[in-house]
Every structure is written in C-alpha cells, then in structure tokens.
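Novice: This is the structure I want to talk about, given as structure tokens.
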Amino acid sequence: MGKRIFVQAVATALANGNLPGWLTGRLYRGPLKTVCVPGLNCYSCPGALGACPVGSWQSAMSGVYPKFPLYVLGLLLLFALAFGRMICGWLCPFGLVQDLLHRVPVPKLGKRSWMRPLTRFRWVMLILAGAGAYLAFLVTGTGKPLFCAYVCPAGMLEGALPLMALRPELFKAAGWLTAWKGAILAACLIAMTAVYRPFCRFVCPLGLWYGFWNRLALFGVAVDQAACVHCGRCAAVCPMDAEIAGDAHCISCGRCVGECPTAAISFRRFGTIETNEKVGNNEGGNGR
C-alpha cells in the first residue's frame, strides 16, 4: 500500500472515529460537529466527528431564514490556501474510496480527449452546491440543500447506507429519493473501477473550489519554471486532467515527481519549492 493511500486511510479513520456511532447508528452531535473537515465526509455518517464543508454551507443557507455562512467560507478558504487540491489527493475520504475501487482488476479506461470537457460539469455542481439552497428559497420560500439532497453519492455511501444497516427501521422512510441517490451511487462506484476518480474529475464542487487556489497553497506539487522544459511528461503520466503539474486539476498525488526529466517538479512546503525527491510511481495510484 502506497504512502498516499495510508495517509488517506488515517485521515478517514480520524474523521470517522465515533466508535459508538458505528455500533448503534446514532450520530455524534458533540462540539466537534460544529467544525468542518477539509474533505467530503458526510455529516450523517454514524462515525463522523466533524461536518462536511459542502453540507455545512448548504445547511446554513437552507430553511425559512437562510444565512450566509461566513464561518464555513473562512474554513474553506483556510483549507484551500494551506493545501489546495492536495486535500483531494491525500485527505478526502471519498477520494480514498475512488482510489481503492480503481484497484479492482477490471479493464481500465484511460484519459480520452472527450473526457476533459466533462470537467466543466463541476461548475454546474458548484452553482448547485453554492447557491442552490438560496435559489430554492427564492422559488419556494424555503431553502433546501439541493446538492446534498439530490446528487451527492458520498452522503448515500457514508451516511444513508450505514444508518439503514445499523437501524433497519429507517428503511421505512426510504422512498424514491433514496432509490434515485442509490442509482447515482451505483453508477459512480461502477465508473470508479474503470475510470480514475470520475467523481473528482467530473462532479465534485469542493475539488473545483480547492483547484482555484492550487498555485497559491502552502503545500502541494509545484514546478520550478526555470528548470521546466515544457515537455508535457507530467501531463502524460497524470491520472487526473492536469496540463502541467500543480495546475487546478492536480491533486498532488506525486506520480509526476519522479518522471520529470529535468527534476523541475517537487513538493512545495510552506510555499517554498523543495529539492526534487523521488517518491515512486505508485503514489499516484493506477491512473490508467
């Protein structure tokens, strides 16, 4: 198991360390639940100790009296400026699910020219997650977390399914919406086995937000422009859709670091590009 997978597993375990919840199906509602974790981790997961930033944003803007969540925005900005999309590659529980499922031995569909335009769909999801609750308020008089309610497969996988398994009486409340989100989750899980991180690349609004700040983040993969010869090798080996290491699509998996012919790519720490360290080609996962 690669170092990155290990870090993701530890981060996931820490974010979902409410052991009584895994036994009883009762959600933790203590003071830690007022703090957002950096990755996509459903509030309703029985083990969740913190809140999902996307869910927290939408919840604040939902209801009869929607509020602008400055606190959540501040945390999202803090996370972004510290790590950018390195959060997606190293800390996100749903990213770990995608990396593990892509190791299933089935035929892989590598990057194709028609896939890159699909990354623009994340803008639709960002609008839905960022302003959907307020738009629902303008139309109906009540804000509703549209992305969490109708789209997010992480909520189904991490929240609804474990809760229904631990508390069978919740099946009585399942209806068409549960079936709809179950179908979305099933499609995502199947796609994850053949396509590298399809949810991250084509759907996730949180990753799009973090990508805006990738070049300014204190930590992550960066390119020494003085040494870069623009050979395109980093884009060729990237399992995501980066055109050059460290751009808005880069999740800092490290796969490109050891592949650069001029050692121009390395991990940036506290905003400073360190000496190139070979990290091994397995760190990026099986992206092809």
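Letters for chains follow the order of the structure tokens (A, B, ...), residue numbers begin at 1 for each chain, and ligand numbers begin at 1 in the order shown.
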List the spatial neighbours of Ser44 of chain A as a list of chain:residue names - criterion: any atom at most 12 Å away, only C-alpha atoms, same-chain residues fewer than 5 positions off excluded.
Specialist: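 Non-adjacent residues within range: A:Asn16, A:Asn18, A:Gly21, A:Trp22, A:Gly25, A:Arg26, A:Leu27, A:Tyr28, A:Arg29, A:Lys33, A:Leu49, A:Gly50, A:Ala51, A:Cys52, A:Gly55, A:Ser56, A:Cys148, A:Ala154, A:Gly155, A:Met156, A:Leu157, A:Glu158, A:Gly159, A:Ala160, A:Leu161, A:Pro162, A:Leu163, A:Met164.
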Novice: Can you list, as number ranges by chain, every protein, DNA or RNA residue that comes within 9 Å of Leu177 of chain A when you count only C-alpha atoms, leaving out same-chain residues fewer than 4 positions away?
Specialist: A: 149-150, 181-182
Novice: Can you pull out every residue from segment 40-232 of chain A that DSSP, working from the backbone, puts in helix (DSSP H, G or I), and format the result as a PyMOL selection string?
Specialist: chain A and resi 53-60+70-83+86-90+93-101+116-140+146-150+153-166+168-173+176-194+198-202+205-212+214-216
Novice: Keeping only C-alpha atoms, write the selected residues as a short mmCIF file (atom, residue, chain, number, x, y, z; two decimals), in the first residue's frame.
Specialist:
```cif
data_model
loop_
_atom_site.label_atom_id
_atom_site.label_comp_id
_atom_site.auth_asym_id
_atom_site.auth_seq_id
_atom_site.Cartn_x
_atom_site.Cartn_y
_atom_site.Cartn_z
CA PRO A 53 -17.96 21.67 4.36
CA VAL A 54 -20.37 21.35 1.42
CA GLY A 55 -23.17 20.15 3.68
CA SER A 56 -22.47 22.85 6.26
CA TRP A 57 -22.56 25.55 3.61
CA GLN A 58 -25.87 24.35 2.26
CA SER A 59 -27.42 23.80 5.69
CA ALA A 60 -26.68 27.39 6.69
CA LEU A 70 -19.05 33.27 6.71
CA TYR A 71 -17.61 30.76 9.17
CA VAL A 72 -17.74 27.93 6.62
CA LEU A 73 -16.37 30.18 3.88
CA GLY A 74 -13.47 31.13 6.17
CA LEU A 75 -12.63 27.49 6.84
CA LEU A 76 -12.85 26.61 3.15
CA LEU A 77 -10.51 29.47 2.33
CA LEU A 78 -8.11 28.40 5.08
CA PHE A 79 -8.07 24.81 3.85
CA ALA A 80 -7.60 25.98 0.25
CA LEU A 81 -4.70 28.32 0.98
CA ALA A 82 -2.98 25.68 3.09
CA PHE A 83 -3.34 22.63 0.84
CA MET A 86 -3.75 18.19 -2.10
CA ILE A 87 -6.77 17.70 0.18
CA CYS A 88 -8.43 15.74 -2.63
CA GLY A 89 -5.41 13.51 -3.12
CA TRP A 90 -4.37 12.95 0.47
CA PRO A 93 -12.45 10.00 2.45
CA PHE A 94 -14.41 9.82 -0.80
CA GLY A 95 -11.15 10.17 -2.68
CA LEU A 96 -9.90 7.10 -0.81
CA VAL A 97 -12.99 5.16 -1.92
CA GLN A 98 -12.24 6.05 -5.54
CA ASP A 99 -8.56 5.12 -5.29
CA LEU A 100 -9.35 1.73 -3.74
CA LEU A 101 -12.09 0.88 -6.22
CA ARG A 116 -11.68 16.82 -20.45
CA PRO A 117 -14.80 18.81 -21.44
CA LEU A 118 -16.69 16.77 -18.85
CA THR A 119 -14.69 18.52 -16.13
CA ARG A 120 -16.76 21.64 -16.84
CA PHE A 121 -19.78 19.90 -15.34
CA ARG A 122 -18.25 20.66 -11.94
CA TRP A 123 -19.25 24.29 -12.50
CA VAL A 124 -22.88 23.23 -12.59
CA MET A 125 -22.38 21.33 -9.35
CA LEU A 126 -20.56 24.28 -7.76
CA ILE A 127 -23.51 26.54 -8.57
CA LEU A 128 -25.92 23.90 -7.27
CA ALA A 129 -23.94 23.43 -4.05
CA GLY A 130 -23.05 27.08 -3.56
CA ALA A 131 -26.29 28.81 -4.47
CA GLY A 132 -28.87 26.04 -4.92
CA ALA A 133 -30.29 26.37 -1.41
CA TYR A 134 -30.78 30.12 -1.87
CA LEU A 135 -32.31 29.66 -5.32
CA ALA A 136 -34.74 27.16 -3.82
CA PHE A 137 -35.60 29.78 -1.18
CA LEU A 138 -36.35 32.37 -3.85
CA VAL A 139 -38.65 29.96 -5.69
CA THR A 140 -40.39 28.16 -2.83
CA LEU A 146 -30.05 20.61 -3.37
CA PHE A 147 -26.61 19.08 -3.94
CA CYS A 148 -26.68 17.02 -0.74
CA ALA A 149 -30.32 16.05 -1.15
CA TYR A 150 -30.35 15.06 -4.81
CA PRO A 153 -23.15 9.98 -3.66
CA ALA A 154 -20.86 10.36 -0.62
CA GLY A 155 -23.91 11.07 1.53
CA MET A 156 -25.53 7.85 0.36
CA LEU A 157 -22.40 5.74 0.83
CA GLU A 158 -21.18 7.24 4.10
CA GLY A 159 -24.49 8.20 5.67
CA ALA A 160 -27.70 6.57 4.44
CA LEU A 161 -26.46 3.03 3.78
CA PRO A 162 -24.60 2.56 7.10
CA LEU A 163 -27.50 4.07 9.05
CA MET A 164 -30.05 1.80 7.37
CA ALA A 165 -27.79 -1.20 8.01
CA LEU A 166 -27.46 -0.32 11.71
CA PRO A 168 -33.37 -1.27 9.92
CA GLU A 169 -36.40 0.81 10.91
CA LEU A 170 -35.01 3.59 8.72
CA PHE A 171 -35.88 1.51 5.65
CA LYS A 172 -39.49 2.54 6.26
CA ALA A 173 -38.56 6.12 5.45
CA TRP A 176 -37.98 7.48 -4.46
CA LEU A 177 -35.22 9.85 -3.35
CA THR A 178 -33.31 7.02 -1.70
CA ALA A 179 -33.69 4.96 -4.88
CA TRP A 180 -32.54 7.91 -7.02
CA LYS A 181 -29.43 8.55 -4.94
CA GLY A 182 -28.76 4.83 -4.74
CA ALA A 183 -28.74 4.72 -8.55
CA ILE A 184 -26.31 7.67 -8.68
CA LEU A 185 -24.05 5.96 -6.16
CA ALA A 186 -24.15 2.66 -8.06
CA ALA A 187 -23.23 4.40 -11.32
CA CYS A 188 -20.36 6.22 -9.59
CA LEU A 189 -19.00 3.07 -7.96
CA ILE A 190 -19.05 1.17 -11.23
CA ALA A 191 -17.35 4.05 -13.05
CA MET A 192 -14.67 4.27 -10.37
CA THR A 193 -13.43 0.77 -11.15
CA ALA A 194 -12.69 1.65 -14.79
CA PRO A 198 -14.52 10.16 -12.06
CA PHE A 199 -16.36 11.95 -9.24
CA CYS A 200 -13.33 14.16 -8.50
CA ARG A 201 -12.75 14.93 -12.15
CA PHE A 202 -16.28 15.49 -13.41
CA PRO A 205 -17.66 21.10 -6.47
CA LEU A 206 -15.31 21.01 -3.50
CA GLY A 207 -12.40 19.93 -5.68
CA LEU A 208 -13.19 22.72 -8.13
CA TRP A 209 -13.03 25.24 -5.28
CA TYR A 210 -9.72 23.91 -3.99
CA GLY A 211 -8.32 23.92 -7.52
CA PHE A 212 -8.76 27.71 -7.74
CA ASN A 214 -3.69 25.31 -6.05
CA ARG A 215 -0.87 27.61 -7.18
CA LEU A 216 -1.09 29.71 -4.00
#
```
Novice: By how many Å are atom CA of Lys144 of chain A and atom CA of Arg167 of chain A apart?
Specialist: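 Here the two named atoms are 25.4 Å from each other.
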Novice: What parts of segment 34-173 of chain A does DSSP call strand (DSSP E or B)? I'd like the answer as number ranges by chain.
Specialist: A: 36, 51, 63, 143
Novice: Print the selection's residues with N, CA and C atoms to a file, as a PDB file, in the first residue's frame.
Specialist:
```
ATOM      1  N   CYS A  36     -15.832  21.935  10.411  1.00  0.00           N
ATOM      2  CA  CYS A  36     -15.803  21.229   9.128  1.00  0.00           C
ATOM      3  C   CYS A  36     -14.484  20.489   8.949  1.00  0.00           C
ATOM      4  N   ALA A  51     -18.102  17.993  10.477  1.00  0.00           N
ATOM      5  CA  ALA A  51     -19.127  18.260   9.471  1.00  0.00           C
ATOM      6  C   ALA A  51     -18.506  18.369   8.091  1.00  0.00           C
ATOM      7  N   GLY A  63     -33.617  26.388   4.884  1.00  0.00           N
ATOM      8  CA  GLY A  63     -34.642  26.744   5.851  1.00  0.00           C
ATOM      9  C   GLY A  63     -35.380  28.021   5.470  1.00  0.00           C
ATOM     10  N   GLY A 143     -35.299  27.372   1.777  1.00  0.00           N
ATOM     11  CA  GLY A 143     -34.043  26.898   1.210  1.00  0.00           C
ATOM     12  C   GLY A 143     -33.871  25.409   1.407  1.00  0.00           C
TER      13      GLY A 143
END
```
